[in-house]
Each structure stands twice: as C-alpha cells, then as structure tokens.
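The next block is upload.pdb, given as PDB, C-alpha atoms.
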```
ATOM      1  CA  MET G   1     -75.361  42.136  33.878
ATOM      2  CA  VAL G   2     -76.740  44.354  31.117
ATOM      3  CA  HIS G   3     -77.203  42.916  27.672
ATOM      4  CA  PHE G   4     -77.124  45.310  24.717
ATOM      5  CA  THR G   5     -78.777  44.231  21.487
ATOM      6  CA  ALA G   6     -77.331  45.353  18.161
ATOM      7  CA  ALA G   7     -80.204  47.825  17.964
ATOM      8  CA  ASP G   8     -79.360  49.242  21.412
ATOM      9  CA  LYS G   9     -75.709  49.748  20.450
ATOM     10  CA  ALA G  10     -76.577  51.384  17.133
ATOM     11  CA  ALA G  11     -79.094  53.729  18.774
ATOM     12  CA  ILE G  12     -76.768  54.721  21.614
ATOM     13  CA  THR G  13     -73.682  55.333  19.476
ATOM     14  CA  SER G  14     -75.557  57.236  16.769
ATOM     15  CA  MET G  15     -77.093  59.598  19.334
ATOM     16  CA  TRP G  16     -73.807  60.012  21.201
ATOM     17  CA  ARG G  17     -72.121  61.265  18.014
ATOM     18  CA  LYS G  18     -74.487  64.227  18.080
ATOM     19  CA  VAL G  19     -73.931  65.124  21.728
ATOM     20  CA  ASN G  20     -71.862  68.201  22.614
ATOM     21  CA  VAL G  21     -69.984  66.593  25.489
ATOM     22  CA  GLU G  22     -68.855  69.873  27.009
ATOM     23  CA  GLU G  23     -72.357  71.377  27.126
ATOM     24  CA  ALA G  24     -74.138  68.193  28.104
ATOM     25  CA  GLY G  25     -71.561  67.454  30.804
ATOM     26  CA  GLY G  26     -71.977  70.821  32.473
ATOM     27  CA  GLU G  27     -75.761  70.601  32.173
ATOM     28  CA  THR G  28     -75.912  67.070  33.632
ATOM     29  CA  LEU G  29     -73.628  67.659  36.600
ATOM     30  CA  GLY G  30     -75.074  71.119  37.245
ATOM     31  CA  ARG G  31     -78.626  69.821  37.372
ATOM     32  CA  LEU G  32     -77.555  66.980  39.676
ATOM     33  CA  LEU G  33     -76.243  69.548  42.146
ATOM     34  CA  VAL G  34     -79.380  71.713  41.821
ATOM     35  CA  VAL G  35     -82.050  69.022  41.966
ATOM     36  CA  TYR G  36     -80.306  66.869  44.601
ATOM     37  CA  PRO G  37     -78.415  69.429  46.708
ATOM     38  CA  TRP G  38     -76.905  66.794  49.000
ATOM     39  CA  THR G  39     -74.712  65.696  46.070
ATOM     40  CA  GLN G  40     -72.812  68.950  46.589
ATOM     41  CA  ARG G  41     -71.066  67.139  49.460
ATOM     42  CA  PHE G  42     -68.408  65.930  47.014
ATOM     43  CA  PHE G  43     -67.607  69.366  45.684
ATOM     44  CA  ASP G  44     -66.731  71.565  48.667
ATOM     45  CA  ASN G  45     -63.774  73.011  46.785
ATOM     46  CA  PHE G  46     -65.777  74.028  43.731
ATOM     47  CA  GLY G  47     -66.481  77.551  44.952
ATOM     48  CA  ASN G  48     -69.882  79.180  44.589
ATOM     49  CA  LEU G  49     -72.734  76.643  44.619
ATOM     50  CA  SER G  50     -75.139  78.922  46.478
ATOM     51  CA  SER G  51     -77.916  79.111  43.859
ATOM     52  CA  ALA G  52     -79.097  77.330  40.722
ATOM     53  CA  SER G  53     -77.604  80.013  38.475
ATOM     54  CA  ALA G  54     -74.309  79.981  40.419
ATOM     55  CA  ILE G  55     -74.116  76.211  40.019
ATOM     56  CA  MET G  56     -75.019  76.162  36.321
ATOM     57  CA  GLY G  57     -72.499  78.930  35.586
ATOM     58  CA  ASN G  58     -69.711  77.552  37.790
ATOM     59  CA  PRO G  59     -66.636  76.828  35.620
ATOM     60  CA  LYS G  60     -65.458  73.963  37.849
ATOM     61  CA  VAL G  61     -68.850  72.289  37.556
ATOM     62  CA  LYS G  62     -68.736  72.618  33.769
ATOM     63  CA  ALA G  63     -65.180  71.293  33.581
ATOM     64  CA  HIS G  64     -65.902  68.343  35.807
ATOM     65  CA  GLY G  65     -69.121  67.554  33.967
ATOM     66  CA  LYS G  66     -67.193  67.497  30.721
ATOM     67  CA  ARG G  67     -64.634  65.132  32.256
ATOM     68  CA  VAL G  68     -67.333  62.719  33.432
ATOM     69  CA  LEU G  69     -69.104  62.572  30.068
ATOM     70  CA  THR G  70     -65.815  62.268  28.176
ATOM     71  CA  SER G  71     -65.138  59.170  30.273
ATOM     72  CA  LEU G  72     -68.565  57.843  29.415
ATOM     73  CA  GLY G  73     -67.913  58.419  25.716
ATOM     74  CA  GLU G  74     -64.682  56.474  25.919
ATOM     75  CA  ALA G  75     -66.459  53.591  27.648
ATOM     76  CA  LEU G  76     -68.960  53.471  24.785
ATOM     77  CA  ARG G  77     -66.164  52.061  22.654
ATOM     78  CA  ASN G  78     -66.116  49.087  25.053
ATOM     79  CA  ILE G  79     -69.812  48.786  25.532
ATOM     80  CA  ASP G  80     -69.644  45.002  25.862
ATOM     81  CA  ASP G  81     -67.128  45.216  28.685
ATOM     82  CA  LEU G  82     -68.142  48.173  30.794
ATOM     83  CA  LYS G  83     -66.797  46.534  33.944
ATOM     84  CA  GLY G  84     -63.356  46.307  32.340
ATOM     85  CA  ALA G  85     -63.591  49.817  30.948
ATOM     86  CA  PHE G  86     -64.471  51.330  34.340
ATOM     87  CA  SER G  87     -62.327  49.099  36.542
ATOM     88  CA  GLN G  88     -59.804  51.739  37.567
ATOM     89  CA  LEU G  89     -62.392  54.482  37.925
ATOM     90  CA  SER G  90     -64.397  52.151  40.148
ATOM     91  CA  GLU G  91     -61.449  51.685  42.481
ATOM     92  CA  LEU G  92     -60.859  55.436  42.499
ATOM     93  CA  HIS G  93     -64.476  56.263  43.365
ATOM     94  CA  CYS G  94     -64.439  53.745  46.208
ATOM     95  CA  GLU G  95     -60.997  54.116  47.745
ATOM     96  CA  ARG G  96     -60.148  57.772  47.152
ATOM     97  CA  LEU G  97     -63.393  59.618  46.435
ATOM     98  CA  HIS G  98     -65.747  57.645  48.738
ATOM     99  CA  VAL G  99     -68.778  58.180  46.495
ATOM    100  CA  ASP G 100     -71.965  56.264  47.306
ATOM    101  CA  PRO G 101     -72.867  54.298  44.119
ATOM    102  CA  GLU G 102     -76.419  55.621  44.410
ATOM    103  CA  ASN G 103     -74.977  58.834  42.972
ATOM    104  CA  PHE G 104     -74.045  57.021  39.744
ATOM    105  CA  ARG G 105     -77.696  56.084  39.298
ATOM    106  CA  LEU G 106     -78.808  59.661  39.966
ATOM    107  CA  LEU G 107     -76.290  61.050  37.464
ATOM    108  CA  GLY G 108     -77.217  58.443  34.852
ATOM    109  CA  ASN G 109     -80.906  59.330  35.083
ATOM    110  CA  MET G 110     -80.016  63.013  34.914
ATOM    111  CA  LEU G 111     -78.160  62.357  31.635
ATOM    112  CA  VAL G 112     -81.264  60.616  30.268
ATOM    113  CA  ILE G 113     -83.347  63.696  31.099
ATOM    114  CA  ILE G 114     -80.805  66.000  29.421
ATOM    115  CA  LEU G 115     -80.874  63.846  26.285
ATOM    116  CA  ALA G 116     -84.697  63.992  26.256
ATOM    117  CA  LYS G 117     -84.621  67.782  26.597
ATOM    118  CA  HIS G 118     -82.051  68.166  23.853
ATOM    119  CA  PHE G 119     -83.217  65.598  21.322
ATOM    120  CA  GLY G 120     -86.988  65.931  21.810
ATOM    121  CA  LYS G 121     -88.894  63.812  19.327
ATOM    122  CA  GLU G 122     -85.801  61.729  18.540
ATOM    123  CA  PHE G 123     -85.687  60.577  22.164
ATOM    124  CA  THR G 124     -88.406  58.005  21.650
ATOM    125  CA  PRO G 125     -89.443  55.525  24.352
ATOM    126  CA  GLN G 126     -87.335  52.915  22.522
ATOM    127  CA  MET G 127     -84.295  55.204  22.504
ATOM    128  CA  GLN G 128     -84.822  55.909  26.200
ATOM    129  CA  ALA G 129     -84.977  52.177  26.941
ATOM    130  CA  SER G 130     -81.566  51.679  25.263
ATOM    131  CA  TRP G 131     -80.093  54.581  27.213
ATOM    132  CA  GLN G 132     -81.514  53.346  30.515
ATOM    133  CA  LYS G 133     -79.645  50.083  29.891
ATOM    134  CA  MET G 134     -76.508  52.095  29.164
ATOM    135  CA  VAL G 135     -76.617  54.211  32.310
ATOM    136  CA  ALA G 136     -77.527  51.181  34.431
ATOM    137  CA  GLY G 137     -74.529  49.340  32.966
ATOM    138  CA  VAL G 138     -72.211  52.264  33.671
ATOM    139  CA  ALA G 139     -73.485  52.666  37.247
ATOM    140  CA  SER G 140     -73.067  48.966  37.877
ATOM    141  CA  ALA G 141     -69.552  48.951  36.376
ATOM    142  CA  LEU G 142     -68.518  51.922  38.508
ATOM    143  CA  ALA G 143     -69.757  50.155  41.634
ATOM    144  CA  HIS G 144     -68.225  46.808  40.698
ATOM    145  CA  LYS G 145     -64.875  47.206  42.477
ATOM    146  CA  TYR G 146     -66.336  48.576  45.708
ATOM    147  CA  HIS G 147     -65.299  46.824  48.864
TER     148      HIS G 147
ATOM    149  CA  MET N   1     -89.786  68.312  52.232
ATOM    150  CA  ALA N   2     -92.623  70.800  51.877
ATOM    151  CA  LEU N   3     -92.637  72.794  48.658
ATOM    152  CA  SER N   4     -91.766  76.472  48.948
ATOM    153  CA  ALA N   5     -94.098  79.094  47.507
ATOM    154  CA  ALA N   6     -91.767  79.504  44.512
ATOM    155  CA  GLU N   7     -91.712  75.743  43.871
ATOM    156  CA  ARG N   8     -95.497  75.533  44.040
ATOM    157  CA  ALA N   9     -95.779  78.414  41.593
ATOM    158  CA  MET N  10     -93.469  76.650  39.136
ATOM    159  CA  VAL N  11     -95.401  73.380  39.273
ATOM    160  CA  ARG N  12     -98.754  75.151  38.882
ATOM    161  CA  ALA N  13     -97.443  77.225  35.972
ATOM    162  CA  LEU N  14     -96.325  74.147  34.078
ATOM    163  CA  TRP N  15     -99.567  72.320  34.860
ATOM    164  CA  ARG N  16    -101.566  75.239  33.404
ATOM    165  CA  LYS N  17     -99.475  74.873  30.257
ATOM    166  CA  LEU N  18    -100.212  71.138  30.049
ATOM    167  CA  GLY N  19    -103.902  72.077  30.010
ATOM    168  CA  ASP N  20    -106.155  69.249  28.867
ATOM    169  CA  ASN N  21    -103.224  67.121  27.743
ATOM    170  CA  VAL N  22    -101.995  65.815  31.090
ATOM    171  CA  GLY N  23    -103.444  62.427  30.115
ATOM    172  CA  VAL N  24    -101.394  62.349  26.899
ATOM    173  CA  TYR N  25     -98.160  62.948  28.767
ATOM    174  CA  ALA N  26     -98.988  60.545  31.600
ATOM    175  CA  THR N  27     -99.729  57.869  28.992
ATOM    176  CA  GLU N  28     -96.383  58.497  27.298
ATOM    177  CA  ALA N  29     -94.686  58.296  30.709
ATOM    178  CA  LEU N  30     -96.318  54.905  31.310
ATOM    179  CA  GLU N  31     -95.218  53.684  27.870
ATOM    180  CA  ARG N  32     -91.666  54.776  28.605
ATOM    181  CA  THR N  33     -91.755  53.085  32.011
ATOM    182  CA  PHE N  34     -92.921  49.749  30.588
ATOM    183  CA  LEU N  35     -90.260  49.817  27.861
ATOM    184  CA  ALA N  36     -87.308  50.981  29.945
ATOM    185  CA  PHE N  37     -88.152  49.043  33.121
ATOM    186  CA  PRO N  38     -89.811  45.772  32.108
ATOM    187  CA  GLY N  39     -90.321  44.689  35.743
ATOM    188  CA  THR N  40     -93.013  47.352  36.048
ATOM    189  CA  LYS N  41     -95.193  45.426  33.604
ATOM    190  CA  THR N  42     -95.666  42.702  36.202
ATOM    191  CA  TYR N  43     -98.311  44.861  37.857
ATOM    192  CA  PHE N  44    -100.435  44.899  34.712
ATOM    193  CA  PRO N  45    -100.864  41.302  33.499
ATOM    194  CA  HIS N  46    -104.544  42.063  32.964
ATOM    195  CA  LEU N  47    -103.872  44.902  30.501
ATOM    196  CA  ASP N  48    -102.894  45.061  26.855
ATOM    197  CA  LEU N  49     -99.566  46.907  27.035
ATOM    198  CA  SER N  50     -98.842  47.059  23.314
ATOM    199  CA  PRO N  51     -98.013  50.501  21.822
ATOM    200  CA  GLY N  52    -101.137  52.627  21.406
ATOM    201  CA  SER N  53    -103.179  50.451  23.745
ATOM    202  CA  ALA N  54    -106.487  52.035  24.735
ATOM    203  CA  GLN N  55    -106.142  50.432  28.162
ATOM    204  CA  VAL N  56    -102.773  52.096  28.787
ATOM    205  CA  LYS N  57    -104.322  55.376  27.626
ATOM    206  CA  ALA N  58    -107.166  54.938  30.111
ATOM    207  CA  HIS N  59    -104.707  54.198  32.882
ATOM    208  CA  GLY N  60    -102.629  57.201  31.880
ATOM    209  CA  GLN N  61    -105.716  59.371  32.284
ATOM    210  CA  LYS N  62    -106.264  58.003  35.804
ATOM    211  CA  VAL N  63    -102.671  58.832  36.730
ATOM    212  CA  ALA N  64    -103.063  62.281  35.150
ATOM    213  CA  ASP N  65    -106.245  63.013  37.103
ATOM    214  CA  ALA N  66    -104.552  62.030  40.367
ATOM    215  CA  LEU N  67    -101.561  64.262  39.637
ATOM    216  CA  THR N  68    -103.809  67.184  38.698
ATOM    217  CA  LEU N  69    -105.689  66.693  41.957
ATOM    218  CA  ALA N  70    -102.354  66.740  43.777
ATOM    219  CA  VAL N  71    -101.339  69.995  42.042
ATOM    220  CA  ASP N  72    -104.654  71.555  43.112
ATOM    221  CA  GLN N  73    -104.276  70.380  46.698
ATOM    222  CA  LEU N  74    -100.594  70.931  47.382
ATOM    223  CA  ASP N  75    -101.485  72.130  50.879
ATOM    224  CA  ASP N  76    -102.941  68.804  51.869
ATOM    225  CA  LEU N  77    -101.564  65.907  49.876
ATOM    226  CA  PRO N  78    -102.261  63.257  52.537
ATOM    227  CA  GLY N  79    -105.898  64.356  52.623
ATOM    228  CA  ALA N  80    -106.313  64.673  48.874
ATOM    229  CA  LEU N  81    -104.592  61.363  48.076
ATOM    230  CA  SER N  82    -105.897  59.408  51.071
ATOM    231  CA  PHE N  83    -108.042  57.102  48.945
ATOM    232  CA  LEU N  84    -105.086  56.375  46.658
ATOM    233  CA  SER N  85    -102.731  55.788  49.586
ATOM    234  CA  ASP N  86    -105.160  53.182  50.938
ATOM    235  CA  LEU N  87    -105.595  51.598  47.514
ATOM    236  CA  HIS N  88    -101.876  51.256  46.862
ATOM    237  CA  ALA N  89    -101.154  49.995  50.389
ATOM    238  CA  HIS N  90    -103.843  47.402  50.784
ATOM    239  CA  LYS N  91    -104.995  46.381  47.354
ATOM    240  CA  LEU N  92    -102.400  47.175  44.690
ATOM    241  CA  ARG N  93     -99.302  46.775  46.875
ATOM    242  CA  VAL N  94     -96.997  48.187  44.215
ATOM    243  CA  ASP N  95     -93.415  48.231  45.488
ATOM    244  CA  PRO N  96     -92.662  51.937  46.055
ATOM    245  CA  ALA N  97     -89.441  51.721  44.036
ATOM    246  CA  ASN N  98     -91.679  51.627  40.976
ATOM    247  CA  PHE N  99     -93.175  55.040  41.756
ATOM    248  CA  GLN N 100     -89.711  56.519  41.309
ATOM    249  CA  LEU N 101     -89.373  54.845  37.915
ATOM    250  CA  LEU N 102     -92.685  56.332  36.743
ATOM    251  CA  CYS N 103     -91.751  59.757  38.150
ATOM    252  CA  HIS N 104     -88.442  59.646  36.275
ATOM    253  CA  CYS N 105     -90.253  58.793  33.030
ATOM    254  CA  LEU N 106     -92.717  61.605  33.659
ATOM    255  CA  LEU N 107     -89.806  64.038  33.968
ATOM    256  CA  VAL N 108     -88.269  62.617  30.764
ATOM    257  CA  THR N 109     -91.618  63.113  28.990
ATOM    258  CA  LEU N 110     -91.956  66.710  30.183
ATOM    259  CA  ALA N 111     -88.321  67.505  29.268
ATOM    260  CA  ARG N 112     -88.921  66.052  25.812
ATOM    261  CA  HIS N 113     -92.098  68.056  25.168
ATOM    262  CA  PHE N 114     -91.338  71.287  27.040
ATOM    263  CA  PRO N 115     -87.563  71.810  26.761
ATOM    264  CA  GLY N 116     -87.905  75.583  26.940
ATOM    265  CA  ASP N 117     -89.771  75.401  30.241
ATOM    266  CA  PHE N 118     -87.598  72.725  31.760
ATOM    267  CA  SER N 119     -85.039  74.874  33.562
ATOM    268  CA  PRO N 120     -82.985  73.405  36.436
ATOM    269  CA  THR N 121     -85.249  75.094  39.007
ATOM    270  CA  MET N 122     -88.398  73.854  37.222
ATOM    271  CA  GLN N 123     -86.929  70.353  37.206
ATOM    272  CA  ALA N 124     -86.080  70.621  40.904
ATOM    273  CA  SER N 125     -89.631  71.791  41.732
ATOM    274  CA  LEU N 126     -91.256  69.004  39.707
ATOM    275  CA  ASP N 127     -88.927  66.366  41.125
ATOM    276  CA  LYS N 128     -89.726  67.499  44.648
ATOM    277  CA  PHE N 129     -93.473  67.597  43.936
ATOM    278  CA  LEU N 130     -93.463  64.069  42.499
ATOM    279  CA  SER N 131     -91.365  62.894  45.411
ATOM    280  CA  ARG N 132     -94.008  64.219  47.830
ATOM    281  CA  VAL N 133     -96.773  62.514  45.885
ATOM    282  CA  THR N 134     -95.002  59.164  45.915
ATOM    283  CA  SER N 135     -94.135  59.317  49.607
ATOM    284  CA  THR N 136     -97.811  60.095  50.298
ATOM    285  CA  LEU N 137     -98.831  57.097  48.170
ATOM    286  CA  ALA N 138     -96.509  54.824  50.132
ATOM    287  CA  SER N 139     -97.363  56.324  53.536
ATOM    288  CA  LYS N 140     -99.830  53.633  54.628
ATOM    289  CA  TYR N 141     -97.835  50.623  53.481
ATOM    290  CA  ARG N 142     -96.948  49.608  57.017
TER     291      ARG N 142
END
```
Any chance you could give the structure as structure tokens?
Amino acid sequence: MVHFTAADKAAITSMWRKVNVEEAGGETLGRLLVVYPWTQRFFDNFGNLSSASAIMGNPKVKAHGKRVLTSLGEALRNIDDLKGAFSQLSELHCERLHVDPENFRLLGNMLVIILAKHFGKEFTPQMQASWQKMVAGVASALAHKYH
Amino acid sequence: MALSAAERAMVRALWRKLGDNVGVYATEALERTFLAFPGTKTYFPHLDLSPGSAQVKAHGQKVADALTLAVDQLDDLPGALSFLSDLHAHKLRVDPANFQLLCHCLLVTLARHFPGDFSPTMQASLDKFLSRVTSTLASKYR
C-alpha cells in the first residue's frame, strides 16, 4: 500500500498541471509499443504498427494514449484511494481485456521517462521518487481486482 | 536478444556524446535509484548515501567504467563482463531485480539530460543494451 506524503502530493499535482495529456499520452503508449514490441499484442486492430515512426504517428495509438493518461489524471483527484478510483477499470482489464498487470508497471515507468525527457532539470531525483510511488500505486490499484 | 548493427550504432553514438561524463550520469542514476527504490540501499550499508556523497560518486564511476567497457565490447559481453558476473554471483549476490531498477534510472537520467537524442528508437536500443548487460551480470547466479 503506497503512502503519499504531503510533499509527494504537491509535487505530483503541480507537475501534472503542466502536462499536455494528449501529447504525453501518445508519446507514452507509442514508446511502450516500440521499446517492448510484445505489448503490441493488445492492439491488433490498431492498424499500422510496423515501424517506430508508424507507431508514433498512428492516430489510434495517440487516441488511446490520451485516454489512458486522462484516466490517470482523474485518479490523481483521489490519490489517497487509488484502489477505489481504479476499481472498475481493474475489473475491465482483468475480465474483458486480459492484460497482464506487468504491463501496468511497464507503462508507468515509461511515463516516468517521458516526464524526465519533457521536464528536464525540474524532474529531480526527489520528483522522480514521488512519481515512482504514483505509478506503483496506479499499477497496484489496476491489478487489485484481478482474480 | 543480440543488438542489430543499427542498435549498436545508436548506443555507440550516444556514448561518444557522453564523453568523459559517463561517471556523472551513472552517479545521478544511482542517486535516483536510492531515492525512488529505498530497498536498493540495503546493499550499501557500508557507504554514506547522503546527497553529494563522494562514495556514491566513486561507485558511480565504477558502474560507468563497466558500462563503457560493455559498449566497447558489444560483440562479447560475457567475455568482457566475466569478472563482474562472477563478482555479482558469488560475492555481492545482488538480487537481479535491482539491476532493472538501476537501468530504469539510467534511462531516466539520459532522457533528462539528452532529450533531443532520446528518440523512441534510441530508447529501444539503450533499453536492449542495458538488458543484455544485466542478463550477463546475472548469468552465473545459479
């Protein structure tokens, strides 16, 4: 169970306000599919995923990435009850989508890398530590209803 | 999992850019690892891990030198890293899950400092390279 200090919450929410969810979402999901090609298994109906540039430019990838990060942004409003916030999505990912929870960890770490690339100096080791807690909490919440 | 010619070229190109500063970035990666993943500190009870520690800097340089060696010897990682594989297997016995945490923090560090060079294909090449290094390090564990 992740515990967020007041400092963690302040750091996470202040950085999130500056994130372009549409761009970051496409970037995060796109890179997941490029760097870990086996994750493409969930997206057979997304069309052309045949090269890095095809993936990064694919409109379905961008749209889905945006959807995922929008969800994450909403959960940030319930940061002290991520399990509650992600309860229905957890059931969906288990029962309908059949996604191995390991993928949540991969995506979470990919988001951390995107934030580092985008925010540079501002993405201090302390900021990263807060975000690692965040993505670990989200991954755990998404896996919570698996059976 | 062998690196393609293109992937090797990408890794070498970035390493040339890092120049003499590989130690600086490896040290930052260690700092990030200790902060984000406190369990990793359990392997260093003998070191001062406070920010700016000279001991962490020295350890960062060791990690940097090993990675630079790996970049130079991409054709024979098991040979080049044999001493380190033995060390980690029989003496240090670091759980291999921790290598992935350090590799992740190394990627974060490189993305933070070299955003313009950190394309998806560069990231994929680096990730694969680090993955090969860590599996070589863990290869003699049992």
Subject >> Near-stretch 108-125 of chain G list (8 Å; all atoms listed in the file; drop same-chain fewer than 4 positions) as an NGL selection string >> reply: (:G and (24 or 27-28 or 31-32 or 104 or 129 or 131-132 or 135-136 or 139)) or (:N and (31-32 or 35-36 or 104 or 107-109 or 111-115 or 118))
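Residue nearest chain N within the list G:Asn78, G:Ser140, G:Ser51, G:Gln88: G:Ser51 [criterion: smallest interatomic distance, all atoms listed in the file].
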Subject >> Selected residue of minimal separation from chain N among G:Ala143, G:Ile55, G:Val35, G:Val2, counting only C-alpha atoms >> reply: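 Selected residue with least distance to chain N: G:Val35.
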**OP:** State, in Å with one decimal place, the distance from atom CA of G:Val19 to atom CA of G:Ala141.
**Re:**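 Atom-to-atom, atom CA of G:Val19 and atom CA of G:Ala141 are spaced 22.3 Å apart.
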Subject >> Output of the PyMOL selection byres ((chain G and resi 82) around 12), listed as a PyMOL selection string >> reply: chain G and resi 1-4+71-81+83-90+133-144
Using only C-alpha atoms, which protein or nucleic acid residues come within 7 Å of stretch 91-102 of chain N? Drop anything in the same chain fewer than 3 positions from it, and give the result as a PDB file with C-alpha atoms, keeping the file's coordinate frame.
```
ATOM      1  CA  ALA N  29     -94.686  58.296  30.709  1.00  0.00           C
ATOM      2  CA  LEU N  30     -96.318  54.905  31.310  1.00  0.00           C
ATOM      3  CA  THR N  33     -91.755  53.085  32.011  1.00  0.00           C
ATOM      4  CA  THR N  40     -93.013  47.352  36.048  1.00  0.00           C
ATOM      5  CA  LEU N  87    -105.595  51.598  47.514  1.00  0.00           C
ATOM      6  CA  HIS N  88    -101.876  51.256  46.862  1.00  0.00           C
ATOM      7  CA  CYS N 105     -90.253  58.793  33.030  1.00  0.00           C
ATOM      8  CA  LEU N 106     -92.717  61.605  33.659  1.00  0.00           C
ATOM      9  CA  THR N 134     -95.002  59.164  45.915  1.00  0.00           C
ATOM     10  CA  ALA N 138     -96.509  54.824  50.132  1.00  0.00           C
TER      11      ALA N 138
END
```
Original post:
So what do you get for atom CA of G:Tyr36 versus atom CA of N:Ser125, distance-wise?
Top reply: 10.9 Å
